[in-house]
>>> print(open('data04.cif').read())   # mmCIF, C-alpha atoms
data_structure
#
loop_
_atom_site.label_atom_id
_atom_site.label_comp_id
_atom_site.auth_asym_id
_atom_site.auth_seq_id
_atom_site.Cartn_x
_atom_site.Cartn_y
_atom_site.Cartn_z
CA MET A 1 34.39 -48.23 31.41
CA ASN A 2 38.24 -48.79 31.09
CA GLY A 3 38.08 -51.82 33.43
CA GLU A 4 37.22 -49.86 36.58
CA SER A 5 34.81 -51.36 39.06
CA PRO A 6 31.65 -49.40 40.02
CA LEU A 7 33.15 -48.93 43.50
CA GLU A 8 36.29 -47.39 42.03
CA ILE A 9 34.19 -45.02 39.90
CA LEU A 10 32.15 -44.07 42.95
CA THR A 11 35.11 -43.40 45.23
CA ARG A 12 36.72 -41.23 42.58
CA GLU A 13 33.69 -38.90 42.37
CA THR A 14 33.91 -35.54 44.15
CA GLU A 15 31.95 -35.47 47.37
CA GLN A 16 29.43 -32.67 47.61
CA ILE A 17 26.18 -31.86 49.30
CA ASN A 18 23.16 -31.32 47.10
CA PRO A 19 22.80 -27.50 46.91
CA ALA A 20 19.05 -27.78 47.68
CA ILE A 21 19.95 -29.07 51.16
CA LEU A 22 22.16 -26.03 51.80
CA LEU A 23 19.52 -23.66 50.46
CA ALA A 24 16.82 -25.32 52.59
CA GLU A 25 18.95 -24.64 55.68
CA GLU A 26 19.49 -21.04 54.56
CA PHE A 27 15.77 -20.50 53.96
CA MET A 28 14.88 -22.02 57.30
CA ARG A 29 17.07 -19.48 59.09
CA ARG A 30 15.60 -16.44 57.39
CA ASP A 31 12.44 -14.64 58.40
CA ALA A 32 9.51 -15.53 56.14
CA ALA A 33 8.24 -11.95 56.46
CA ASP A 34 11.33 -10.71 54.60
CA LEU A 35 10.18 -11.40 51.10
CA LEU A 36 12.65 -12.82 48.63
CA SER A 37 13.77 -10.47 45.88
CA ALA A 38 13.46 -11.40 42.21
CA GLU A 39 17.21 -12.15 42.12
CA GLU A 40 16.94 -14.44 45.14
CA ILE A 41 14.05 -16.33 43.57
CA LYS A 42 16.01 -16.64 40.34
CA ARG A 43 18.97 -18.01 42.27
CA ALA A 44 16.72 -20.43 44.17
CA ASP A 45 15.16 -21.63 40.90
CA GLU A 46 18.63 -22.26 39.51
CA ILE A 47 19.66 -24.19 42.63
CA LEU A 48 16.44 -26.20 42.40
CA ARG A 49 17.27 -27.04 38.80
CA ILE A 50 20.80 -28.17 39.70
CA GLY A 51 19.53 -30.06 42.75
CA GLU A 52 16.90 -31.81 40.67
CA MET A 53 19.46 -32.82 38.05
CA GLU A 54 21.64 -34.27 40.77
CA ILE A 55 18.74 -36.19 42.29
CA GLU A 56 17.82 -37.62 38.89
CA MET A 57 21.43 -38.55 38.18
CA LEU A 58 21.74 -40.36 41.52
CA GLN A 59 18.47 -42.18 40.91
CA ARG A 60 19.75 -43.32 37.51
CA HIS A 61 23.03 -44.51 39.08
CA LEU A 62 21.14 -46.34 41.82
CA ALA A 63 18.94 -48.07 39.25
CA ALA A 64 22.07 -49.05 37.29
CA PHE A 65 23.66 -50.47 40.46
CA VAL A 66 20.56 -52.52 41.18
CA ARG A 67 20.78 -54.02 37.70
CA LEU A 68 24.47 -55.01 38.11
CA PRO A 69 25.11 -58.76 38.35
CA ALA A 70 26.47 -59.96 41.68
CA SER A 71 30.21 -60.75 41.70
CA PRO A 72 32.28 -62.49 44.40
CA SER A 73 34.54 -60.29 46.48
CA VAL A 74 38.27 -61.00 46.58
CA ARG A 75 38.23 -60.32 50.32
CA ILE A 76 36.00 -62.06 52.79
CA PRO A 77 34.70 -59.55 55.36
CA THR A 78 35.39 -60.35 59.00
CA GLY A 79 32.68 -62.46 60.51
CA PHE A 80 31.92 -64.48 57.39
CA MET B 1 3.87 -32.00 68.86
CA SER B 2 0.92 -29.67 68.55
CA VAL B 3 0.49 -26.20 69.99
CA LEU B 4 -2.69 -24.22 69.46
CA LEU B 5 -1.17 -20.77 69.36
CA THR B 6 -4.28 -18.93 68.29
CA ARG B 7 -6.25 -20.04 71.34
CA ARG B 8 -3.76 -18.90 73.97
CA PRO B 9 -3.53 -15.15 74.44
CA PHE B 10 -0.04 -15.25 75.93
CA LEU B 11 1.15 -17.06 72.83
CA SER B 12 -0.26 -14.51 70.44
CA GLY B 13 1.44 -11.51 68.82
CA ARG B 14 5.18 -11.29 68.32
CA PHE B 15 6.06 -13.88 70.92
CA GLY B 16 3.64 -16.39 69.42
CA GLU B 17 5.07 -15.78 65.96
CA ARG B 18 8.64 -16.31 67.19
CA LEU B 19 7.60 -19.46 68.98
CA SER B 20 5.90 -20.78 65.85
CA ARG B 21 9.02 -20.00 63.88
CA SER B 22 11.20 -21.84 66.41
CA LEU B 23 8.91 -24.86 66.34
CA GLU B 24 9.01 -24.86 62.57
CA TYR B 25 12.81 -24.77 62.71
CA LEU B 26 12.94 -27.63 65.23
CA ARG B 27 10.62 -29.72 63.09
CA PHE B 28 12.85 -28.98 60.12
CA LYS B 29 16.02 -29.99 61.99
CA ALA B 30 14.38 -33.13 63.35
CA ARG B 31 13.49 -34.35 59.88
CA SER B 32 15.93 -36.37 57.85
CA GLN B 33 17.08 -33.82 55.29
CA ASN B 34 17.77 -35.84 52.19
CA ALA B 35 18.04 -34.06 48.86
CA ILE B 36 14.47 -34.82 47.83
CA ALA B 37 13.00 -33.48 51.09
CA ALA B 38 15.18 -30.36 50.82
CA HIS B 39 14.15 -29.87 47.21
CA ASN B 40 10.47 -30.09 48.19
CA TYR B 41 11.01 -27.68 51.07
CA VAL B 42 12.75 -25.07 48.89
CA SER B 43 10.00 -25.38 46.27
CA ALA B 44 7.39 -24.84 49.00
CA VAL B 45 9.21 -21.76 50.33
CA ILE B 46 9.41 -20.21 46.86
CA SER B 47 5.73 -20.96 46.28
CA GLU B 48 4.83 -19.31 49.61
CA GLN B 49 7.03 -16.31 48.91
CA GLN B 50 5.37 -15.81 45.54
CA LYS B 51 1.98 -15.80 47.27
CA TYR B 52 3.18 -13.27 49.86
CA ALA B 53 4.34 -11.07 46.98
CA ILE B 54 0.89 -11.38 45.36
CA TYR B 55 -0.75 -10.46 48.68
CA ARG B 56 1.48 -7.42 49.18
CA GLU B 57 1.08 -6.17 45.62
CA MET B 58 -2.66 -6.75 45.26
CA PHE B 59 -3.81 -5.82 48.75
CA PRO B 60 -1.11 -3.52 50.19
CA LYS B 61 -3.30 -1.99 52.94
CA GLU B 62 -4.50 -5.35 54.18
CA TRP B 63 -0.93 -6.65 54.06
CA GLU B 64 0.24 -3.79 56.28
CA ARG B 65 -2.58 -4.34 58.76
CA SER B 66 -2.40 -8.12 58.81
CA THR B 67 -1.21 -9.94 61.92
CA ALA B 68 -1.72 -13.42 60.46
CA SER B 69 1.23 -15.72 61.05
CA PHE B 70 3.84 -16.65 58.46
CA TYR B 71 4.55 -19.90 60.31
CA THR B 72 1.38 -21.24 61.92
CA ARG B 73 -0.63 -23.33 59.49
CA GLY B 74 -4.05 -22.04 58.57
CA TYR B 75 -7.31 -23.84 57.71
CA TYR B 76 -5.76 -25.04 54.45
CA GLN B 77 -2.98 -26.79 56.26
CA LYS B 78 -0.43 -26.74 53.50
CA TYR B 79 -0.33 -22.96 53.82
CA SER B 80 0.47 -20.42 56.51
CA GLU B 81 -2.25 -18.33 58.13
CA ARG B 82 -1.06 -15.37 56.05
CA ILE B 83 -1.56 -17.25 52.79
CA ASN B 84 -4.94 -18.51 53.99
CA GLU B 85 -5.81 -14.87 54.52
CA LEU B 86 -4.82 -14.14 50.92
CA PHE B 87 -7.09 -16.95 49.68
CA HIS B 88 -10.01 -15.44 51.60
CA MET B 89 -9.14 -11.98 50.29
CA VAL B 90 -9.20 -13.21 46.69
CA ASN B 91 -12.44 -15.06 47.46
CA LYS B 92 -14.02 -11.92 48.89
CA LYS B 93 -12.67 -9.25 46.57
CA CYS B 94 -11.96 -10.96 43.26
CA PHE B 95 -13.97 -14.10 42.57
CA PRO B 96 -15.30 -17.19 44.38
CA LEU B 97 -11.99 -19.01 44.70
CA LEU B 98 -12.99 -21.25 47.57
CA GLU B 99 -16.22 -22.50 46.04
CA TYR B 100 -14.75 -25.89 45.23
CA TRP B 101 -12.35 -26.12 48.13
CA TYR B 102 -13.90 -24.76 51.27
CA ASP B 103 -14.62 -28.05 52.99
CA ASP B 104 -11.28 -29.84 52.78
CA PRO B 105 -8.32 -28.52 54.81
CA ASP B 106 -5.96 -30.84 52.91
CA ASN B 107 -6.63 -29.18 49.58
CA GLU B 108 -3.90 -27.41 47.67
CA LEU B 109 -4.60 -24.22 45.79
CA ASP B 110 -1.42 -23.79 43.79
CA ASN B 111 -3.58 -24.97 40.92
CA PHE B 112 -7.30 -24.48 41.28
CA ALA B 113 -10.52 -25.00 39.39
CA ILE B 114 -13.36 -22.51 39.23
CA GLY B 115 -17.02 -23.23 39.77
CA PRO B 116 -19.14 -22.85 36.63
CA MET B 117 -21.60 -19.95 36.55
CA ASN B 118 -23.61 -21.40 33.71
CA ILE B 119 -26.09 -24.26 33.67
CA GLY B 120 -24.80 -27.68 32.61
CA LEU B 121 -27.71 -28.37 30.28
CA CYS B 122 -26.74 -31.98 29.64
CA CYS B 123 -26.53 -33.15 33.23
CA GLU B 124 -28.30 -30.62 35.45
CA GLU B 125 -31.98 -30.45 36.14
CA ILE B 126 -32.97 -26.95 35.11
CA ASP B 127 -34.81 -24.95 37.73
CA PHE B 128 -36.68 -22.71 35.30
CA GLU B 129 -38.17 -20.60 38.08
CA SER B 130 -34.77 -19.43 39.25
CA ILE B 131 -33.17 -18.49 35.93
CA HIS B 132 -33.59 -15.49 33.65
CA ILE B 133 -36.79 -15.78 31.64
CA SER B 134 -34.87 -15.12 28.42
CA TYR B 135 -32.50 -17.99 29.25
CA ALA B 136 -35.47 -20.25 30.00
CA ALA B 137 -37.07 -19.27 26.69
CA ALA B 138 -33.95 -20.08 24.69
CA VAL B 139 -33.73 -23.54 26.26
CA VAL B 140 -36.49 -24.50 23.74
CA PHE B 141 -33.65 -24.96 21.23
CA TYR B 142 -31.94 -27.57 23.37
CA TYR B 143 -34.56 -29.20 25.62
CA PRO B 144 -37.86 -28.24 24.00
CA ASP B 145 -40.19 -30.43 26.08
CA ASP B 146 -39.16 -29.02 29.47
CA ALA B 147 -38.86 -25.46 28.15
CA TRP B 148 -42.27 -25.44 26.45
CA ASP B 149 -43.87 -26.89 29.60
CA PHE B 150 -42.46 -23.98 31.55
CA LEU B 151 -43.40 -21.36 28.92
CA ASN B 152 -46.89 -22.79 28.71
CA TYR B 153 -47.25 -22.57 32.48
CA ARG B 154 -45.83 -19.06 32.55
CA PHE B 155 -47.27 -17.43 29.41
CA GLN B 156 -49.84 -19.94 28.15
CA VAL B 157 -47.97 -20.49 24.88
CA SER B 158 -47.05 -23.76 23.20
CA ALA B 159 -44.80 -24.94 20.38
CA ASP B 160 -47.82 -25.09 18.02
CA ASP B 161 -48.19 -21.30 18.24
CA PHE B 162 -44.78 -20.75 16.60
CA PRO B 163 -42.86 -21.74 13.47
CA ALA B 164 -40.99 -25.07 13.59
CA ILE B 165 -37.54 -24.83 15.11
CA ASN B 166 -34.62 -25.98 12.93
CA SER B 167 -32.48 -28.72 14.43
CA SER B 168 -29.41 -26.49 14.29
CA PRO B 169 -29.08 -22.69 14.33
CA HIS B 170 -28.30 -20.53 11.31
CA PRO B 171 -24.53 -19.87 11.25
CA ASN B 172 -25.14 -16.09 11.42
CA VAL B 173 -26.46 -16.33 14.98
CA TRP B 174 -22.87 -16.69 16.21
CA GLU B 175 -21.72 -13.43 14.65
CA ARG B 176 -20.64 -11.07 17.36
CA ASP B 177 -22.49 -7.99 16.15
CA GLY B 178 -23.55 -7.07 19.66
CA ASN B 179 -27.18 -8.09 19.39
CA LEU B 180 -28.75 -9.39 22.57
CA LEU B 181 -30.26 -12.54 21.07
CA GLY B 182 -26.85 -13.63 19.80
CA HIS B 183 -25.45 -12.92 23.26
CA LEU B 184 -28.18 -15.07 24.81
CA LEU B 185 -27.55 -17.98 22.43
CA ARG B 186 -23.78 -17.87 22.98
CA LEU B 187 -24.43 -17.94 26.71
CA ILE B 188 -26.64 -21.03 26.49
CA ASP B 189 -24.27 -22.64 24.02
CA HIS B 190 -21.36 -22.14 26.45
CA SER B 191 -19.41 -20.41 23.69
CA THR B 192 -18.81 -16.95 25.13
CA GLY B 193 -15.03 -17.32 25.49
CA ASN B 194 -15.39 -16.64 29.23
CA PRO B 195 -14.23 -19.56 31.42
CA TRP B 196 -16.84 -18.82 34.11
CA LEU B 197 -19.60 -19.16 31.53
CA ASP B 198 -18.18 -21.82 29.24
CA ASN B 199 -17.15 -24.34 31.92
CA SER B 200 -19.81 -26.68 33.14
CA CYS B 201 -20.00 -29.46 35.68
CA CYS B 202 -20.50 -31.92 32.79
CA GLN B 203 -16.89 -31.62 31.64
CA PRO B 204 -13.49 -31.92 33.31
CA ALA B 205 -12.56 -28.73 35.13
CA ASP B 206 -9.99 -26.33 33.71
CA TRP B 207 -7.10 -25.71 36.08
CA PHE B 208 -5.60 -22.32 36.80
CA GLN B 209 -2.28 -21.44 38.35
CA PHE B 210 -2.33 -19.23 41.43
CA ASP B 211 -0.38 -16.26 40.13
CA ARG B 212 -1.16 -12.57 39.92
CA GLU B 213 -1.83 -12.47 36.19
CA THR B 214 -4.31 -15.37 36.40
CA ILE B 215 -6.07 -13.88 39.42
CA GLU B 216 -6.45 -10.53 37.66
CA ASP B 217 -7.68 -12.15 34.45
CA LEU B 218 -10.16 -14.36 36.30
CA SER B 219 -11.40 -11.37 38.33
CA LYS B 220 -12.11 -9.43 35.16
CA GLU B 221 -13.77 -12.43 33.54
CA TYR B 222 -15.84 -13.03 36.66
CA ASN B 223 -17.16 -9.45 36.51
CA ASP B 224 -17.78 -9.88 32.77
CA ALA B 225 -19.75 -13.06 33.53
CA LEU B 226 -21.90 -11.22 36.07
CA ALA B 227 -22.43 -8.46 33.50
CA ALA B 228 -23.39 -11.05 30.87
CA TYR B 229 -26.31 -12.13 33.04
CA GLU B 230 -27.16 -8.54 33.91
CA LYS B 231 -27.36 -7.87 30.17
CA LEU B 232 -30.28 -10.31 29.92
CA LYS B 233 -32.53 -8.17 32.13
CA PRO B 234 -33.89 -5.90 29.36
CA LEU B 235 -34.51 -8.98 27.25
CA ASP B 236 -36.40 -10.52 30.16
CA GLU B 237 -38.53 -7.38 30.38
CA LEU B 238 -39.31 -7.49 26.64
CA ILE B 239 -40.36 -11.15 26.90
CA GLU B 240 -42.49 -10.45 29.94
CA ALA B 241 -44.16 -7.56 28.09
CA ASP B 242 -44.87 -9.45 24.87
CA PRO B 243 -43.94 -13.14 25.09
CA ARG B 244 -45.41 -14.19 21.75
CA LYS B 245 -43.62 -11.46 19.78
CA MET B 246 -40.28 -12.05 21.46
CA LEU B 247 -40.46 -15.85 21.24
CA SER B 248 -41.30 -15.56 17.52
CA ALA B 249 -38.34 -13.22 17.07
CA LEU B 250 -36.06 -15.58 18.95
CA ILE B 251 -37.14 -18.58 16.85
CA ASP B 252 -36.79 -16.56 13.63
CA PHE B 253 -33.32 -15.50 14.69
CA TRP B 254 -32.37 -19.14 15.38
CA ASN B 255 -33.76 -20.32 12.05
CA THR B 256 -32.61 -17.49 9.76
CA GLY B 257 -29.86 -15.63 11.63
CA LYS B 258 -31.81 -12.39 11.03
CA LEU B 259 -33.55 -9.88 13.25
CA ALA B 260 -36.61 -7.93 12.17
CA ASP B 261 -35.69 -4.24 11.77
CA ASP B 262 -38.08 -3.00 14.46
CA LEU B 263 -36.76 -5.53 16.92
CA ARG B 264 -33.15 -4.69 16.12
CA LEU B 265 -33.99 -1.07 16.90
CA ILE B 266 -35.63 -1.96 20.21
CA LEU B 267 -32.76 -4.22 21.25
CA THR B 268 -30.20 -1.57 20.32
CA LYS B 269 -32.05 1.00 22.40
CA VAL B 270 -32.27 -1.19 25.50
CA GLU B 271 -28.63 -2.13 25.11
CA ASP B 272 -27.62 1.54 24.90
CA LEU B 273 -29.62 2.23 28.05
CA ASN B 274 -27.97 -0.76 29.70
CA ASP B 275 -24.49 0.48 28.78
CA LYS B 276 -25.23 3.96 30.15
CA GLU B 277 -26.31 2.49 33.48
#
>>> encode(input="data04.cif", output="structure tokens")
Amino acid sequence: MNGESPLEILTRETEQINPAILLAEEFMRRDAADLLSAEEIKRADEILRIGEMEIEMLQRHLAAFVRLPASPSVRIPTGF
Amino acid sequence: MSVLLTRRPFLSGRFGERLSRSLEYLRFKARSQNAIAAHNYVSAVISEQQKYAIYREMFPKEWERSTASFYTRGYYQKYSERINELFHMVNKKCFPLLEYWYDDPDNELDNFAIGPMNIGLCCEEIDFESIHISYAAAVVFYYPDDAWDFLNYRFQVSADDFPAINSSPHPNVWERDGNLLGHLLRLIDHSTGNPWLDNSCCQPADWFQFDRETIEDLSKEYNDALAAYEKLKPLDELIEADPRKMLSALIDFWNTGKLADDLRLILTKVEDLNDKE
């Protein structure tokens, strides 16, 4: 963990949108009567796999955060 | 928001379909699109698309003619009208798909069970009058009291008129040499290898995936199951003609695994005739 706080690790991560969200938008705009080709289904399956991995990873991180012990902040937020 | 498109003529046809599509899009945009919801949506779209492909490949003429909506939900609400149409097509042309599902619009058919075509001997009351006479006769090996009562009523025969029945069959009866008595015993024993005949309501249902290969396999097996019952007809006729002789032969076959030569000849002849028909 090289002494970094969870917040520092989080802020360093690249920001990206789960590809399933982008594909859902794309699918919603297309006509359902235009059937997907085998290649498109293959691509969608791959995106689903990546999207699922990302969801699982985030769920694991969230669970890890929940387990973290509380620590006092060095700054007191305004209003407290 | 609910709009009954199918009941308003001015909302039918192309305009109705475009309106349904727009409503679907608005519902989609109004939902909070987190990754999990998007993942579920994409999975649902792929599943629907695979069903459309099945529809188009298996029933191309009906697909061309169909005006069922891709967007409006059908009776099975998880699916579009077009997919509902496919379910009914499979039900009508392939096998009774909707037997288990017809009464609940919330049901999903991505994985489905099939209704057994055989009698669950351990938990069903057997209606002897409505089954093949050969099937009823062979029930003496499993539920002798009920079966002999029926045979006595029907042919005035009783267990005392025949040799004692062994508690378990001779292993040779299961040999698949094509003889009709073996076929009958495998049918009653639920060991035909055909899911329509081997499933029963006494055991947990087998689940099948809704894909083309499974539908084609189940269609073939459904026709085979119908043929398996049809195959009993000549045996029924032989029992009706000479119940004592045929019941003796059946019990001998169960006890010894052998068929008398004259009977083997008769059964082969009726089977040949059956095959020609």
>>> atom_distance(input="data04.cif", atom1="CA of Arg75 (chain A)", atom2="CA of Gly3 (chain A)")
18.9 Å
>>> resolve_selection(input="data04.cif", expression="the PyMOL selection byres ((chain B) within 8 of (chain A))", output="number ranges by chain")
B: 25, 28, 33-36, 38-39, 41-43, 45-46, 49, 52-53, 70-71
>>> residues_around(input="data04.cif", residues="Phe65 (chain A)", least_positions_apart="6", cutoff="12 Å", atoms="only C-alpha atoms", output="VMD selection string")
chain A and resid 5 to 7 9 to 10 58 to 59
>>> atom_distance(input="data04.cif", atom1="CA of Gly257 (chain B)", atom2="CA of Pro163 (chain B)")
14.5 Å
>>> atom_distance(input="data04.cif", atom1="CA of Ala205 (chain B)", atom2="CA of Gly178 (chain B)")
28.8 Å
>>> residues_around(input="data04.cif", residues="region 66-68 of chain B", least_positions_apart="2", cutoff="7 Å", atoms="all atoms listed in the file", output="list in words")
Glu62, Trp63, Glu64, Phe70, Glu81 and Arg82 of chain B
>>> residues_around(input="data04.cif", residues="region 223-240 of chain B", least_positions_apart="6", cutoff="6 Å", atoms="all atoms listed in the file", output="JSON, numbers by chain")
{"B": [133, 134, 246]}
>>> resolve_selection(input="data04.cif", expression="the PyMOL selection byres ((chain B and resi 152-156) around 12)", output="list in words")
Phe128, Glu129, Ile133, Ala136, Ala137, Val140, Pro144, Asp145, Asp146, Ala147, Trp148, Asp149, Phe150, Leu151, Val157, Ser158, Ala159, Asp160, Asp161, Ile239, Glu240, Ala241, Asp242, Pro243, Arg244, Lys245, Met246 and Leu247 of chain B
>>> residues_near_point(input="data04.cif", point="(-2.4, -21.8, 36.9)", cutoff="10 Å", atoms="only C-alpha atoms", output="PyMOL selection string")
chain B and resi 109-113+206-215
>>> write_last_selection(input="data04.cif", atoms="C-alpha atoms", output="short mmCIF file (atom, residue, chain, number, x, y, z; two decimals), in the coordinates of the input")
data_model
loop_
_atom_site.label_atom_id
_atom_site.label_comp_id
_atom_site.auth_asym_id
_atom_site.auth_seq_id
_atom_site.Cartn_x
_atom_site.Cartn_y
_atom_site.Cartn_z
CA LEU B 109 -4.60 -24.22 45.79
CA ASP B 110 -1.42 -23.79 43.79
CA ASN B 111 -3.58 -24.97 40.92
CA PHE B 112 -7.30 -24.48 41.28
CA ALA B 113 -10.52 -25.00 39.39
CA ASP B 206 -9.99 -26.33 33.71
CA TRP B 207 -7.10 -25.71 36.08
CA PHE B 208 -5.60 -22.32 36.80
CA GLN B 209 -2.28 -21.44 38.35
CA PHE B 210 -2.33 -19.23 41.43
CA ASP B 211 -0.38 -16.26 40.13
CA ARG B 212 -1.16 -12.57 39.92
CA GLU B 213 -1.83 -12.47 36.19
CA THR B 214 -4.31 -15.37 36.40
CA ILE B 215 -6.07 -13.88 39.42
#
>>> build_atoms(input="data04.cif", residues="region 4-21 of chain A", atoms="N, CA and C atoms", output="compact mmCIF listing (two decimals), in the coordinates of the input")
# COMPACT_ATOMS: atom_id res chain seq x y z
N GLU A 4 37.41 -50.26 35.17
CA GLU A 4 37.22 -49.86 36.58
C GLU A 4 35.96 -50.50 37.14
N SER A 5 36.01 -50.81 38.41
CA SER A 5 34.81 -51.36 39.06
C SER A 5 33.89 -50.20 39.44
N PRO A 6 32.58 -50.48 39.60
CA PRO A 6 31.65 -49.40 40.02
C PRO A 6 32.11 -48.73 41.31
N LEU A 7 32.70 -49.52 42.23
CA LEU A 7 33.15 -48.93 43.50
C LEU A 7 34.27 -47.93 43.27
N GLU A 8 35.18 -48.30 42.33
CA GLU A 8 36.29 -47.39 42.03
C GLU A 8 35.77 -46.08 41.41
N ILE A 9 34.77 -46.23 40.53
CA ILE A 9 34.19 -45.02 39.90
C ILE A 9 33.55 -44.15 40.97
N LEU A 10 32.85 -44.82 41.88
CA LEU A 10 32.15 -44.07 42.95
C LEU A 10 33.13 -43.32 43.83
N THR A 11 34.18 -44.02 44.28
CA THR A 11 35.11 -43.40 45.23
C THR A 11 35.90 -42.26 44.59
N ARG A 12 35.98 -42.29 43.25
CA ARG A 12 36.72 -41.23 42.58
C ARG A 12 35.90 -39.94 42.45
N GLU A 13 34.56 -40.07 42.53
CA GLU A 13 33.69 -38.90 42.37
C GLU A 13 33.93 -37.86 43.48
N THR A 14 33.76 -36.59 43.13
CA THR A 14 33.91 -35.54 44.15
C THR A 14 32.73 -35.62 45.11
N GLU A 15 33.03 -35.43 46.37
CA GLU A 15 31.95 -35.47 47.37
C GLU A 15 31.34 -34.09 47.49
N GLN A 16 30.06 -33.99 47.43
CA GLN A 16 29.43 -32.67 47.61
C GLN A 16 28.02 -32.86 48.15
N ILE A 17 27.55 -31.82 48.78
CA ILE A 17 26.18 -31.86 49.30
C ILE A 17 25.26 -31.25 48.26
N ASN A 18 24.12 -31.87 48.06
CA ASN A 18 23.16 -31.32 47.10
C ASN A 18 22.85 -29.87 47.50
N PRO A 19 22.97 -28.92 46.54
CA PRO A 19 22.80 -27.50 46.91
C PRO A 19 21.41 -27.19 47.47
N ALA A 20 20.41 -28.02 47.14
CA ALA A 20 19.05 -27.78 47.68
C ALA A 20 19.05 -27.94 49.20
N ILE A 21 19.89 -28.86 49.71
CA ILE A 21 19.95 -29.07 51.16
C ILE A 21 20.51 -27.81 51.84
